[in-house]
Amino acid sequence: MKELPKELTAPYNGAATEKTIYDMWEESGYFNPDNLPHVTKDPYTIILPPPNVTGTLHTGHAIMLAIQDTLIRYKRMQGHKTLWLPGTDHAAIATQSVVEKKIQKEEGKTRHDIGREELLRRINEFALDSQLIILSQFRSMGASLDWSRLAFTIDDKRNLAVKTMFKKMYDDGLIYRGSRIVNWDPKGQTTISDDEVVYVEEKTKFYYFKYGPFVIGTARPETKFGDKYVVMHPDDERYKEYTHGQKLTVEWINGPIEATIIKDESVDPEFGTGVMTITPWHSVVDFELAEKYKLDYEQIIDKYGKLLPIAEEFAGMKIKDARDKIVEKLQAKGLVERIEDYTHNIGTAERTGGIVEPQIMKQWFIGVNKEFEHFGKTTTLKKLMIDAVESKNTTIIPDRFEKVYFHWVNNLRDWCISRQIWYGHRIPVWYKGDEMHIGMESPAEDGWAQDEDTLDTWFSSGMWTFSTLGWPNDTIDLKTFHPTDVLETGHDILFFWIARMILFSTYALNEVPFNVAYLHGLVRDKDGKKMSKSIGNVLDPRDLSVKYGTDALRMALMVGNGAGNDLKLGEDKVKAYKLFANKIWNATRFVLERTLDQEVAAQLNEEDESVYKTWREKHADISKDIDEYRLHLASEKLYDYFWHVFCDEIIETRKVRIANNDGKESAQQLLTILLREQIIAIHPFMPFITEEIWKYIKKDSDTMLMVTKW
RNA sequence: GGGCGAUUAGCUCAGUUGGUAGAGCAGCGCAUUUACACUGCGAAGGUCAGAGGUUCGAAUCCUCUAUUGCCCACCA
């Protein structure tokens, strides 16, 4: 008679076994789809959303890894040629500012003191070191990523892809350089895209000034120096005596100016006095009006947020300081009608917190409404983005986000892609006098200078599904694994990233980047608050995983976490799944103990056969849940069946039969099969403990659990 | 201003196509030479936010209201 393995008599200790098991998986080579034994089904691909190199593992990453690893392990066990490709993101502005701050603190120098080349060298060094930390943390979550294909958004291969894309889009007339209004961040000294602007509420004053016969309202007196257009609604009865294009002289801040009347429907007669003056250089709405009527533009505020010479006595002053002084002057001239309290939203830069100042600047743009020839059809990038989702070639889960997506795409304006920071893919354009060269490298002759700017970080991340697979080269990986199956990420980057990936992939490859975009909810603390360092309610997944085991943490993140809904996570929940791990361990020991004398596989009797059938039905149900991305249900059902059906009912009743020798062989066989099949089924969710148990229950002919047939 | 969610037991949430309301945690009672006190069994706890409608039948579908959260736009 066999004996119970010694290891099983001790309680399960996750922290002690996880590292050994992960090493065993990694050494097996099975993370790489090219090494998988018994591939019987189609390729299955997930490209990991690349974390910022500067980051450390947080609960958001932990959720993403848990969900994706579960899907990947499930498909791998089913016999798919399964690829999960890892990488990291250079996160241009974020990374550069981390390193700049470090240099400032340690050496008291700015980026201009040490120069472009040296700064980039230091950032690279920092990025490579930092990347190792987060990657090792990803391993500790049990992530079965193919490390042999590791990519970085700014390595040489990705740089080739970026340059190739830029040139291709330029040649198609989709990328252009132009003077347009952009979001300028005076603090970060760079442009940012519309999506990087976050609005915060500000309490301020709203001023009513006399402007000739009119009273105009403004919250920004400091921009008003050059205002020579006064706009009102064409149907506004109060101003019917004035006609479009009429000119009149008005007394203004620095003396009289000639004002022109513009009648336009965009003016809301209900707001303020129904009359406004416009500043096209520093307002998006005003800029659009100026474009429409071909008006003059004049810059009032410089890159540093200071007033220009047009402000005369106020020139050189900062906006904040100038505002009150300007109002004083107007007051002295008797031009202030009244001042009210006012609450409105102001745009700030997501990364630096600087107050965004719209400016007209010469920048590079991607034209989303420009028609071009695309695989034999005339289309626009916007249409491609709509079609991909409308045709269901890409499905967004949960589907309510599809509406949000359409709304966003329909209102999309040209995307400003140039950034005035140093860390990033440098724009592949060279200038010599009036000549311009777009290509992979500088022309051979002397005198060509490359564009100083870099590309928006989302330009390179937008190409992530195929740049990681070797594009623009015609690689086997690209043919095999693209379009990818699932893109799994938080719903907070639907626009930033998902939309851009659809844009680039449909444009360059004429295929969607992924068949399914699965959006998980964001993690909140047990009271529903956002986790943040300043509130001090952050749960560190690394602590939880050491304390309760990675399997427990993964289950806690999975159960009850339906697509698109935020997940509240408290430590108790993780603890509950540690108990589950313990339950699995004990049940295994017990089943092994009671089946030590089992020689051969016995036939199940009628009663046991029907119990087994219920399990098979449950199993099919769970498979369907996973196939349809209801991982929160699948995980809960596995938990419930194992604990409350298998342990509480089946084991309890069969142990009596085994003791009494009443249908003993059938009972033993039932326990053996159910344990085995459940360990297999639970593996994608709790990979460590199941792989460990597998060592003691597997047959001699079995391979390791991660490649055992589901 | 526009859009999208959420509201179910004390707490956290499930509830896949409409068919007698579920779990975990907490609390209560009972059991114990026990695979597991990191256990088991049991009881208790809910007019499924409110009102109206569709239906043989509604937590589920429709309309309105309330509370709450998020996203988008941004108005000088």
# chains A, B, ... in the order shown; residues from 1 in each chain; ligands from 1

call {"tool": "residues_around", "arguments": {"residues": "stretch 250-264 of chain A", "least_positions_apart": "5", "cutoff": "7 Å", "atoms": "only C-alpha atoms (C1' of nucleotides)", "output": "VMD selection string"}}
result
chain A and resid 211 to 212 225 228 to 234 243 to 245 330

call {"tool": "write_last_selection", "arguments": {"atoms": "all heavy atoms", "output": "short mmCIF file (atom, residue, chain, number, x, y, z; two decimals), in the first residue's frame"}}
result
data_model
loop_
_atom_site.label_atom_id
_atom_site.label_comp_id
_atom_site.auth_asym_id
_atom_site.auth_seq_id
_atom_site.Cartn_x
_atom_site.Cartn_y
_atom_site.Cartn_z
N TYR A 211 -17.58 97.87 -23.66
CA TYR A 211 -16.80 97.77 -24.90
C TYR A 211 -17.62 98.52 -25.94
O TYR A 211 -18.52 97.96 -26.56
CB TYR A 211 -16.64 96.31 -25.26
CG TYR A 211 -15.73 96.02 -26.45
CD1 TYR A 211 -14.35 95.92 -26.29
CD2 TYR A 211 -16.27 95.83 -27.72
CE1 TYR A 211 -13.53 95.63 -27.37
CE2 TYR A 211 -15.45 95.54 -28.81
CZ TYR A 211 -14.08 95.44 -28.62
OH TYR A 211 -13.27 95.15 -29.70
N GLY A 212 -17.32 99.82 -26.06
CA GLY A 212 -18.15 100.67 -26.93
C GLY A 212 -19.58 100.65 -26.41
O GLY A 212 -19.81 100.76 -25.20
N PHE A 225 -6.40 92.23 -24.61
CA PHE A 225 -5.74 93.40 -25.22
C PHE A 225 -6.04 93.58 -26.70
O PHE A 225 -6.34 94.66 -27.15
CB PHE A 225 -4.23 93.31 -25.02
CG PHE A 225 -3.83 93.48 -23.60
CD1 PHE A 225 -3.57 92.37 -22.80
CD2 PHE A 225 -3.76 94.74 -23.05
CE1 PHE A 225 -3.24 92.53 -21.48
CE2 PHE A 225 -3.42 94.91 -21.72
CZ PHE A 225 -3.16 93.79 -20.93
N LYS A 228 -10.50 92.72 -31.12
CA LYS A 228 -11.08 93.72 -32.01
C LYS A 228 -12.28 93.16 -32.77
O LYS A 228 -12.74 93.78 -33.71
CB LYS A 228 -10.02 94.25 -32.97
CG LYS A 228 -9.31 93.17 -33.76
CD LYS A 228 -8.22 93.80 -34.61
CE LYS A 228 -7.55 92.76 -35.48
NZ LYS A 228 -6.49 93.33 -36.30
N TYR A 229 -12.74 91.98 -32.34
CA TYR A 229 -13.97 91.45 -32.93
C TYR A 229 -14.98 91.28 -31.82
O TYR A 229 -14.66 90.77 -30.75
CB TYR A 229 -13.70 90.09 -33.59
CG TYR A 229 -12.69 90.18 -34.70
CD1 TYR A 229 -11.38 89.73 -34.52
CD2 TYR A 229 -13.04 90.74 -35.93
CE1 TYR A 229 -10.44 89.82 -35.53
CE2 TYR A 229 -12.10 90.85 -36.95
CZ TYR A 229 -10.80 90.39 -36.74
OH TYR A 229 -9.88 90.49 -37.73
N VAL A 230 -16.18 91.73 -32.08
CA VAL A 230 -17.22 91.59 -31.08
C VAL A 230 -18.36 90.78 -31.71
O VAL A 230 -18.83 91.07 -32.80
CB VAL A 230 -17.66 92.96 -30.52
CG1 VAL A 230 -18.15 93.90 -31.60
CG2 VAL A 230 -18.72 92.80 -29.45
N VAL A 231 -18.71 89.69 -31.00
CA VAL A 231 -19.59 88.69 -31.62
C VAL A 231 -20.92 88.60 -30.87
O VAL A 231 -20.95 88.68 -29.65
CB VAL A 231 -18.91 87.30 -31.59
CG1 VAL A 231 -19.66 86.31 -32.47
CG2 VAL A 231 -17.46 87.39 -32.02
N MET A 232 -22.01 88.44 -31.65
CA MET A 232 -23.34 88.26 -31.05
C MET A 232 -24.19 87.40 -31.96
O MET A 232 -23.86 87.17 -33.12
CB MET A 232 -23.99 89.64 -30.83
CG MET A 232 -24.21 90.42 -32.10
SD MET A 232 -24.10 92.21 -31.84
CE MET A 232 -22.37 92.45 -31.52
N HIS A 233 -25.30 86.91 -31.40
CA HIS A 233 -26.18 86.03 -32.17
C HIS A 233 -26.95 86.86 -33.20
O HIS A 233 -27.44 87.94 -32.90
CB HIS A 233 -27.15 85.32 -31.23
CG HIS A 233 -27.80 84.14 -31.87
ND1 HIS A 233 -28.87 84.26 -32.70
CD2 HIS A 233 -27.49 82.81 -31.81
CE1 HIS A 233 -29.22 83.04 -33.13
NE2 HIS A 233 -28.39 82.15 -32.60
N PRO A 234 -27.09 86.37 -34.44
CA PRO A 234 -27.77 87.13 -35.49
C PRO A 234 -29.22 87.48 -35.15
O PRO A 234 -29.75 88.48 -35.62
CB PRO A 234 -27.73 86.21 -36.71
CG PRO A 234 -26.98 85.00 -36.34
CD PRO A 234 -26.55 85.09 -34.91
N THR A 243 -24.87 95.52 -37.72
CA THR A 243 -24.84 94.54 -38.81
C THR A 243 -23.48 93.85 -38.86
O THR A 243 -22.47 94.39 -38.40
CB THR A 243 -25.07 95.22 -40.18
OG1 THR A 243 -24.09 96.26 -40.32
CG2 THR A 243 -26.46 95.80 -40.26
N HIS A 244 -23.52 92.68 -39.42
CA HIS A 244 -22.30 91.88 -39.56
C HIS A 244 -21.28 92.64 -40.40
O HIS A 244 -21.60 93.14 -41.48
CB HIS A 244 -22.65 90.54 -40.24
CG HIS A 244 -21.48 89.63 -40.36
ND1 HIS A 244 -21.05 88.83 -39.34
CD2 HIS A 244 -20.63 89.40 -41.39
CE1 HIS A 244 -20.00 88.13 -39.74
NE2 HIS A 244 -19.72 88.46 -40.98
N GLY A 245 -20.08 92.75 -39.89
CA GLY A 245 -19.03 93.41 -40.65
C GLY A 245 -18.92 94.91 -40.36
O GLY A 245 -17.95 95.55 -40.74
N LEU A 330 -8.87 99.32 -15.97
CA LEU A 330 -10.17 99.47 -16.62
C LEU A 330 -11.15 100.20 -15.70
O LEU A 330 -11.96 101.01 -16.14
CB LEU A 330 -10.73 98.11 -17.01
CG LEU A 330 -10.11 97.49 -18.27
CD1 LEU A 330 -10.40 96.01 -18.35
CD2 LEU A 330 -10.59 98.20 -19.52
#

call {"tool": "residues_around", "arguments": {"residues": "A:Ser418", "least_positions_apart": "2", "cutoff": "8 Å", "atoms": "only C-alpha atoms (C1' of nucleotides)", "output": "PDB file with N, CA and C atoms, in the first residue's frame"}}
result
ATOM      1  N   THR A 191       3.321  70.676 -25.854  1.00  0.00           N
ATOM      2  CA  THR A 191       1.910  70.527 -26.208  1.00  0.00           C
ATOM      3  C   THR A 191       1.407  69.221 -25.605  1.00  0.00           C
ATOM      4  N   GLN A 363       2.801  72.612 -35.482  1.00  0.00           N
ATOM      5  CA  GLN A 363       2.926  71.268 -34.923  1.00  0.00           C
ATOM      6  C   GLN A 363       2.583  70.235 -35.983  1.00  0.00           C
ATOM      7  N   TRP A 364       2.899  68.968 -35.653  1.00  0.00           N
ATOM      8  CA  TRP A 364       2.521  67.876 -36.544  1.00  0.00           C
ATOM      9  C   TRP A 364       1.177  67.292 -36.108  1.00  0.00           C
ATOM     10  N   PHE A 365       0.344  66.982 -37.087  1.00  0.00           N
ATOM     11  CA  PHE A 365      -0.997  66.479 -36.796  1.00  0.00           C
ATOM     12  C   PHE A 365      -1.308  65.240 -37.629  1.00  0.00           C
ATOM     13  N   CYS A 416      -2.908  66.136 -32.449  1.00  0.00           N
ATOM     14  CA  CYS A 416      -1.588  66.762 -32.402  1.00  0.00           C
ATOM     15  C   CYS A 416      -0.599  65.740 -31.841  1.00  0.00           C
ATOM     16  N   GLN A 420       7.111  68.669 -27.236  1.00  0.00           N
ATOM     17  CA  GLN A 420       8.373  69.383 -27.086  1.00  0.00           C
ATOM     18  C   GLN A 420       9.162  68.822 -25.906  1.00  0.00           C
ATOM     19  N   ILE A 427      10.770  62.841 -34.127  1.00  0.00           N
ATOM     20  CA  ILE A 427      10.037  62.943 -35.396  1.00  0.00           C
ATOM     21  C   ILE A 427      11.003  62.743 -36.566  1.00  0.00           C
ATOM     22  N   ASP A 453      11.362  67.867 -32.082  1.00  0.00           N
ATOM     23  CA  ASP A 453      10.270  67.332 -31.285  1.00  0.00           C
ATOM     24  C   ASP A 453      10.214  65.803 -31.306  1.00  0.00           C
ATOM     25  N   THR A 454       9.498  65.275 -30.332  1.00  0.00           N
ATOM     26  CA  THR A 454       9.261  63.835 -30.279  1.00  0.00           C
ATOM     27  C   THR A 454       7.769  63.585 -30.474  1.00  0.00           C
ATOM     28  N   LEU A 455       7.437  62.300 -30.616  1.00  0.00           N
ATOM     29  CA  LEU A 455       6.039  61.957 -30.861  1.00  0.00           C
ATOM     30  C   LEU A 455       5.299  61.644 -29.562  1.00  0.00           C
ATOM     31  N   ASP A 456       4.025  61.978 -29.560  1.00  0.00           N
ATOM     32  CA  ASP A 456       3.128  61.596 -28.467  1.00  0.00           C
ATOM     33  C   ASP A 456       3.335  60.112 -28.168  1.00  0.00           C
TER      34      ASP A 456
END

call {"tool": "select_by_dssp", "arguments": {"residues": "stretch 200-247 of chain A", "states": "strand (DSSP E or B)", "output": "list in words"}}
result
Val200, Glu201, Glu202, Lys203, Thr204, Lys205, Phe206, Tyr207, Tyr208, Phe209, Lys210, Tyr211, Phe214, Val215, Ile216, Gly217, Thr218, Tyr229, Val230, Val231, Met232 and Lys247 of chain A

call {"tool": "write_last_selection", "arguments": {"atoms": "N, CA and C atoms", "output": "PDB file, in the first residue's frame"}}
result
ATOM      1  N   VAL A 200     -10.480  70.963 -13.972  1.00  0.00           N
ATOM      2  CA  VAL A 200     -10.727  71.076 -12.539  1.00  0.00           C
ATOM      3  C   VAL A 200     -11.543  72.344 -12.279  1.00  0.00           C
ATOM      4  N   GLU A 201     -12.364  72.272 -11.245  1.00  0.00           N
ATOM      5  CA  GLU A 201     -13.233  73.404 -10.938  1.00  0.00           C
ATOM      6  C   GLU A 201     -12.424  74.521 -10.306  1.00  0.00           C
ATOM      7  N   GLU A 202     -12.738  75.746 -10.723  1.00  0.00           N
ATOM      8  CA  GLU A 202     -12.036  76.895 -10.155  1.00  0.00           C
ATOM      9  C   GLU A 202     -13.047  77.980  -9.823  1.00  0.00           C
ATOM     10  N   LYS A 203     -12.893  78.552  -8.642  1.00  0.00           N
ATOM     11  CA  LYS A 203     -13.743  79.690  -8.259  1.00  0.00           C
ATOM     12  C   LYS A 203     -12.997  80.951  -8.628  1.00  0.00           C
ATOM     13  N   THR A 204     -13.651  81.813  -9.399  1.00  0.00           N
ATOM     14  CA  THR A 204     -12.954  83.012  -9.839  1.00  0.00           C
ATOM     15  C   THR A 204     -13.980  84.134  -9.983  1.00  0.00           C
ATOM     16  N   LYS A 205     -13.580  85.197 -10.651  1.00  0.00           N
ATOM     17  CA  LYS A 205     -14.489  86.331 -10.873  1.00  0.00           C
ATOM     18  C   LYS A 205     -14.883  86.356 -12.343  1.00  0.00           C
ATOM     19  N   PHE A 206     -16.078  86.883 -12.566  1.00  0.00           N
ATOM     20  CA  PHE A 206     -16.515  87.097 -13.937  1.00  0.00           C
ATOM     21  C   PHE A 206     -16.744  88.599 -14.103  1.00  0.00           C
ATOM     22  N   TYR A 207     -16.042  89.162 -15.096  1.00  0.00           N
ATOM     23  CA  TYR A 207     -16.026  90.614 -15.230  1.00  0.00           C
ATOM     24  C   TYR A 207     -16.895  91.071 -16.390  1.00  0.00           C
ATOM     25  N   TYR A 208     -17.638  92.168 -16.147  1.00  0.00           N
ATOM     26  CA  TYR A 208     -18.391  92.786 -17.232  1.00  0.00           C
ATOM     27  C   TYR A 208     -17.731  94.120 -17.567  1.00  0.00           C
ATOM     28  N   PHE A 209     -17.261  94.229 -18.820  1.00  0.00           N
ATOM     29  CA  PHE A 209     -16.577  95.452 -19.252  1.00  0.00           C
ATOM     30  C   PHE A 209     -17.400  96.169 -20.307  1.00  0.00           C
ATOM     31  N   LYS A 210     -17.299  97.516 -20.279  1.00  0.00           N
ATOM     32  CA  LYS A 210     -17.928  98.304 -21.349  1.00  0.00           C
ATOM     33  C   LYS A 210     -16.997  98.265 -22.542  1.00  0.00           C
ATOM     34  N   TYR A 211     -17.580  97.866 -23.661  1.00  0.00           N
ATOM     35  CA  TYR A 211     -16.804  97.774 -24.897  1.00  0.00           C
ATOM     36  C   TYR A 211     -17.621  98.523 -25.944  1.00  0.00           C
ATOM     37  N   PHE A 214     -21.438  98.166 -26.143  1.00  0.00           N
ATOM     38  CA  PHE A 214     -21.765  96.845 -25.592  1.00  0.00           C
ATOM     39  C   PHE A 214     -21.186  96.652 -24.192  1.00  0.00           C
ATOM     40  N   VAL A 215     -21.702  95.619 -23.545  1.00  0.00           N
ATOM     41  CA  VAL A 215     -21.057  95.152 -22.323  1.00  0.00           C
ATOM     42  C   VAL A 215     -20.666  93.698 -22.587  1.00  0.00           C
ATOM     43  N   ILE A 216     -19.393  93.407 -22.421  1.00  0.00           N
ATOM     44  CA  ILE A 216     -18.945  92.038 -22.680  1.00  0.00           C
ATOM     45  C   ILE A 216     -18.553  91.383 -21.367  1.00  0.00           C
ATOM     46  N   GLY A 217     -18.706  90.067 -21.327  1.00  0.00           N
ATOM     47  CA  GLY A 217     -18.340  89.338 -20.122  1.00  0.00           C
ATOM     48  C   GLY A 217     -17.080  88.526 -20.366  1.00  0.00           C
ATOM     49  N   THR A 218     -16.225  88.417 -19.341  1.00  0.00           N
ATOM     50  CA  THR A 218     -15.044  87.569 -19.476  1.00  0.00           C
ATOM     51  C   THR A 218     -14.536  87.125 -18.112  1.00  0.00           C
ATOM     52  N   TYR A 229     -12.742  91.981 -32.341  1.00  0.00           N
ATOM     53  CA  TYR A 229     -13.966  91.445 -32.932  1.00  0.00           C
ATOM     54  C   TYR A 229     -14.981  91.284 -31.822  1.00  0.00           C
ATOM     55  N   VAL A 230     -16.182  91.734 -32.084  1.00  0.00           N
ATOM     56  CA  VAL A 230     -17.223  91.591 -31.082  1.00  0.00           C
ATOM     57  C   VAL A 230     -18.357  90.779 -31.709  1.00  0.00           C
ATOM     58  N   VAL A 231     -18.714  89.691 -31.000  1.00  0.00           N
ATOM     59  CA  VAL A 231     -19.585  88.685 -31.616  1.00  0.00           C
ATOM     60  C   VAL A 231     -20.916  88.604 -30.874  1.00  0.00           C
ATOM     61  N   MET A 232     -22.008  88.439 -31.650  1.00  0.00           N
ATOM     62  CA  MET A 232     -23.336  88.265 -31.046  1.00  0.00           C
ATOM     63  C   MET A 232     -24.194  87.400 -31.958  1.00  0.00           C
ATOM     64  N   LYS A 247     -18.062  98.330 -38.639  1.00  0.00           N
ATOM     65  CA  LYS A 247     -16.896  98.694 -37.831  1.00  0.00           C
ATOM     66  C   LYS A 247     -17.218  99.899 -36.957  1.00  0.00           C
TER      67      LYS A 247
END

call {"tool": "closest_atom_pairs", "arguments": {"of": "stretch 582-627 of chain A", "to": "stretch 71-79 of chain A", "cutoff": "12 Å", "atoms": "only C-alpha atoms", "output": "JSON lines"}}
result
{"residue": "A:Ile622", "atom": "CA", "partner": "A:Tyr74", "partner_atom": "CA", "distance": 11.4}
{"residue": "A:Ser623", "atom": "CA", "partner": "A:Tyr74", "partner_atom": "CA", "distance": 9.1}
{"residue": "A:Lys624", "atom": "CA", "partner": "A:Tyr74", "partner_atom": "CA", "distance": 11.8}
{"residue": "A:Asp625", "atom": "CA", "partner": "A:Leu71", "partner_atom": "CA", "distance": 11.3}
{"residue": "A:Ile626", "atom": "CA", "partner": "A:Leu71", "partner_atom": "CA", "distance": 7.6}
{"residue": "A:Asp627", "atom": "CA", "partner": "A:Leu71", "partner_atom": "CA", "distance": 8.7}

call {"tool": "write_last_selection", "arguments": {"atoms": "N, CA, C and O atoms", "output": "compact mmCIF listing (two decimals), in the first residue's frame"}}
result
# COMPACT_ATOMS: atom_id res chain seq x y z
N ILE A 622 -19.24 26.24 -16.67
CA ILE A 622 -18.10 27.09 -16.33
C ILE A 622 -17.28 27.42 -17.58
O ILE A 622 -16.88 28.57 -17.79
N SER A 623 -17.08 26.42 -18.43
CA SER A 623 -16.35 26.68 -19.69
C SER A 623 -17.05 27.76 -20.50
O SER A 623 -16.43 28.64 -21.07
N LYS A 624 -18.36 27.66 -20.54
CA LYS A 624 -19.13 28.63 -21.31
C LYS A 624 -18.98 30.03 -20.71
O LYS A 624 -18.84 31.01 -21.44
N ASP A 625 -18.99 30.10 -19.40
CA ASP A 625 -18.77 31.39 -18.74
C ASP A 625 -17.43 31.99 -19.13
O ASP A 625 -17.33 33.18 -19.39
N ILE A 626 -16.40 31.15 -19.15
CA ILE A 626 -15.08 31.68 -19.50
C ILE A 626 -15.06 32.12 -20.97
O ILE A 626 -14.59 33.20 -21.30
N ASP A 627 -15.63 31.27 -21.83
CA ASP A 627 -15.67 31.62 -23.25
C ASP A 627 -16.37 32.95 -23.48
O ASP A 627 -16.03 33.68 -24.40

call {"tool": "interface_residues", "arguments": {"of": "chain A", "to": "chain B", "cutoff": "7 Å", "atoms": "only C-alpha atoms (C1' of nucleotides)", "output": "list in words"}}
result
Gly217, Thr218, Met276, Gly560, Leu579, Asn582, Lys583, Asn586, Ala587, Arg589 and Phe590 of chain A

call {"tool": "write_last_selection", "arguments": {"atoms": "C-alpha atoms", "output": "mmCIF file, in the first residue's frame"}}
result
data_model
loop_
_atom_site.group_PDB
_atom_site.id
_atom_site.type_symbol
_atom_site.label_atom_id
_atom_site.label_comp_id
_atom_site.auth_asym_id
_atom_site.auth_seq_id
_atom_site.Cartn_x
_atom_site.Cartn_y
_atom_site.Cartn_z
ATOM 1 C CA GLY A 217 -18.340 89.338 -20.122
ATOM 2 C CA THR A 218 -15.044 87.569 -19.476
ATOM 3 C CA MET A 276 -18.455 88.587 -26.453
ATOM 4 C CA GLY A 560 -17.452 39.537 -8.328
ATOM 5 C CA LEU A 579 -9.132 29.803 3.429
ATOM 6 C CA ASN A 582 -6.386 25.776 2.534
ATOM 7 C CA LYS A 583 -9.626 23.912 1.923
ATOM 8 C CA ASN A 586 -6.888 19.633 3.016
ATOM 9 C CA ALA A 587 -9.433 18.027 0.740
ATOM 10 C CA ARG A 589 -4.851 15.245 1.531
ATOM 11 C CA PHE A 590 -8.031 13.599 2.681
#

call {"tool": "atom_distance", "arguments": {"atom1": "atom CA of A:Arg542", "atom2": "atom CA of A:Pro86"}}
result
19.5 Å

call {"tool": "atom_distance", "arguments": {"atom1": "atom CA of A:Glu593", "atom2": "atom CA of A:Lys19"}}
result
27.4 Å

call {"tool": "closest_residue", "arguments": {"among": "A:Val327, A:Leu705, A:Thr394, A:Leu412", "to": "A:Asn369", "atoms": "only C-alpha atoms"}}
result
A:Leu412

call {"tool": "atom_distance", "arguments": {"atom1": "atom CA of A:Glu298", "atom2": "atom CA of A:Thr352"}}
result
27.0 Å

call {"tool": "select_by_dssp", "arguments": {"residues": "stretch 80-210 of chain A", "states": "alpha helix (DSSP H)", "output": "VMD selection string"}}
result
chain A and resid 92 to 107 111 to 114 116 to 140 156 to 171

call {"tool": "closest_residue", "arguments": {"among": "A:His482, A:His374, A:His491, A:His38", "to": "A:Asp566", "atoms": "only C-alpha atoms"}}
result
A:His491

call {"tool": "closest_atom_pairs", "arguments": {"of": "stretch 36-146 of chain A", "to": "stretch 628-644 of chain A", "cutoff": "12 Å", "atoms": "only C-alpha atoms", "output": "Markdown table"}}
result
| residue | atom | partner | partner_atom | distance |
| --- | --- | --- | --- | --- |
| A:Ile63 | CA | A:His632 | CA | 11.8 |
| A:Ala66 | CA | A:Leu631 | CA | 10.3 |
| A:Ile67 | CA | A:Leu631 | CA | 7.7 |
| A:Gln68 | CA | A:Leu631 | CA | 10.4 |
| A:Asp69 | CA | A:Leu631 | CA | 11.6 |
| A:Thr70 | CA | A:Leu631 | CA | 8.5 |
| A:Leu71 | CA | A:Tyr629 | CA | 8.7 |
| A:Tyr74 | CA | A:Leu631 | CA | 11.1 |

call {"tool": "closest_residue", "arguments": {"among": "A:Gln331, A:Thr475, A:Ser140, A:Gln450", "to": "A:Asp551", "atoms": "only C-alpha atoms"}}
result
A:Ser140

call {"tool": "closest_residue", "arguments": {"among": "B:A44, B:G57, B:C62, B:G50", "to": "B:U20", "atoms": "only C-alpha atoms (C1' of nucleotides)"}}
result
B:G57

call {"tool": "residues_around", "arguments": {"residues": "B:A21", "least_positions_apart": "4", "cutoff": "12 Å", "atoms": "only C-alpha atoms (C1' of nucleotides)", "output": "list in words"}}
result
U8, A9, A14, G15, G46, C48, A59 and U60 of chain B

call {"tool": "residues_around", "arguments": {"residues": "A:Gln598", "least_positions_apart": "3", "cutoff": "10 Å", "atoms": "only C-alpha atoms (C1' of nucleotides)", "output": "list in words"}}
result
Met1, Lys2, Leu592, Arg594, Thr595, Ala601, Ala602, Lys664, Glu665, Gln668, Gln669 and Thr672 of chain A

call {"tool": "decode", "arguments": {"residues": "stretch 510-516 of chain A", "atoms": "N, CA, C and O atoms", "output": "compact mmCIF listing (two decimals), in the first residue's frame"}}
result
# COMPACT_ATOMS: atom_id res chain seq x y z
N ASN A 510 -5.13 46.89 -42.51
CA ASN A 510 -6.48 46.61 -42.96
C ASN A 510 -7.11 45.48 -42.16
O ASN A 510 -7.93 44.73 -42.66
N GLU A 511 -6.72 45.36 -40.89
CA GLU A 511 -7.41 44.44 -40.00
C GLU A 511 -7.43 45.03 -38.60
O GLU A 511 -6.60 45.86 -38.25
N VAL A 512 -8.42 44.59 -37.82
CA VAL A 512 -8.54 45.16 -36.47
C VAL A 512 -7.38 44.66 -35.61
O VAL A 512 -6.81 43.60 -35.89
N PRO A 513 -7.04 45.39 -34.57
CA PRO A 513 -5.94 44.95 -33.71
C PRO A 513 -6.32 43.79 -32.80
O PRO A 513 -5.47 43.01 -32.39
N PHE A 514 -7.62 43.70 -32.47
CA PHE A 514 -8.07 42.63 -31.57
C PHE A 514 -9.55 42.39 -31.82
O PHE A 514 -10.27 43.30 -32.23
N ASN A 515 -9.97 41.17 -31.60
CA ASN A 515 -11.37 40.84 -31.83
C ASN A 515 -12.26 41.32 -30.69
O ASN A 515 -13.42 41.64 -30.89
N VAL A 516 -11.68 41.31 -29.50
CA VAL A 516 -12.47 41.70 -28.33
C VAL A 516 -11.66 42.69 -27.50
O VAL A 516 -10.48 42.49 -27.27
